[in-house]
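This report concerns only the one structure given below.
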Amino acid sequence: MKYWGLLAAKLAVGAGVLYVIWLGMYRLYPFSGYYASHPQDAFMHDLPWTTLNFVYNLLCNAVLFFIIYDQRFRCRKCGRRLRMPVSSGSHGHLIFGPPRTDYICIYGHGTLKVNEAQLTGREKPDWKKNDDDMWKELFSMTGKQTDDD
């Protein structure tokens, strides 16, 4: 639930910041008052205003892209950034060992496997939820005791 809440919060903050930028653009542009009193809008009649709208549109798309890109590499349970990337496979063995990168949640909630070579089109990253505590297994291999034992 934190994962989707974090996405909604980032989208709301991004939309708020972009709306403030839009209001500042509209109010500070020198000819917006002239065009506001006439039936025609400044868009497509004033090249600097049209260019400013184009750059603003690019900014909106960039903000949305970076919000979604950041969200892809977050834990689906706690919303923290996934860490500890481990590369495996090789570009020389695309059929039997394709290259991929594995990320894990440092609290043991799951792992994300991202394929580096897209052989059959765009493939979604594979999120694998850990049912039990993955750190227990690691500590049992080293011989150390956890707090639960």
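Following the order of the structure tokens, first chain is A, next is B, and so on, with residues numbered from 1 inside each chain and ligands from 1 in the order they appear.
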Write out as JSON lines a residue-level contact list of stretch 53-105 of chain A versus stretch 3-26 of chain A with cut-off 7 Å: for each qualifying residue the closest pair of atoms and the distance in Å to one decimal, counting only C-alpha atoms, rows sorted by chain and residue number upward.
{"residue": "A:Cys60", "atom": "CA", "partner": "A:Leu18", "partner_atom": "CA", "distance": 7.0}
{"residue": "A:Val63", "atom": "CA", "partner": "A:Gly14", "partner_atom": "CA", "distance": 6.9}
{"residue": "A:Ile67", "atom": "CA", "partner": "A:Lys10", "partner_atom": "CA", "distance": 6.8}
{"residue": "A:Gln71", "atom": "CA", "partner": "A:Leu7", "partner_atom": "CA", "distance": 6.8}
{"residue": "A:Arg76", "atom": "CA", "partner": "A:Tyr3", "partner_atom": "CA", "distance": 5.4}
{"residue": "A:Lys77", "atom": "CA", "partner": "A:Tyr3", "partner_atom": "CA", "distance": 6.1}
{"residue": "A:Cys78", "atom": "CA", "partner": "A:Tyr3", "partner_atom": "CA", "distance": 6.3}
{"residue": "A:Gly79", "atom": "CA", "partner": "A:Tyr3", "partner_atom": "CA", "distance": 4.6}
Exercise. When distances are computed from only C-alpha atoms, which of A:Phe54, A:Asp70, A:Glu123, A:Asp131 shows the smallest separation from A:His109?
Worked result: A:Asp131
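Put simply, atom CA of A:Glu116 is 12.5 Å away from atom CA of A:Pro85.
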Problem set entry | For A:Leu112: contacts at 10 Å, only C-alpha atoms, fewer than 5 positions along chain excluded, given as a ChimeraX atom specification | /A:72-76,82-83,85,101-105,125-129
Problem set entry | Selected residue of minimal separation from A:Leu52 among A:Gly92, A:Asn130, A:Thr120, A:Leu28, counting only C-alpha atoms |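 When distances to A:Leu52 are compared using only C-alpha atoms, the smallest one comes from A:Leu28.
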Problem set entry | Point-to-point distance from atom CA of A:Tyr69 to atom CA of A:Met84, Å rounded to tenths |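 Separation of atom CA of A:Tyr69 and atom CA of A:Met84: 17.7 Å.
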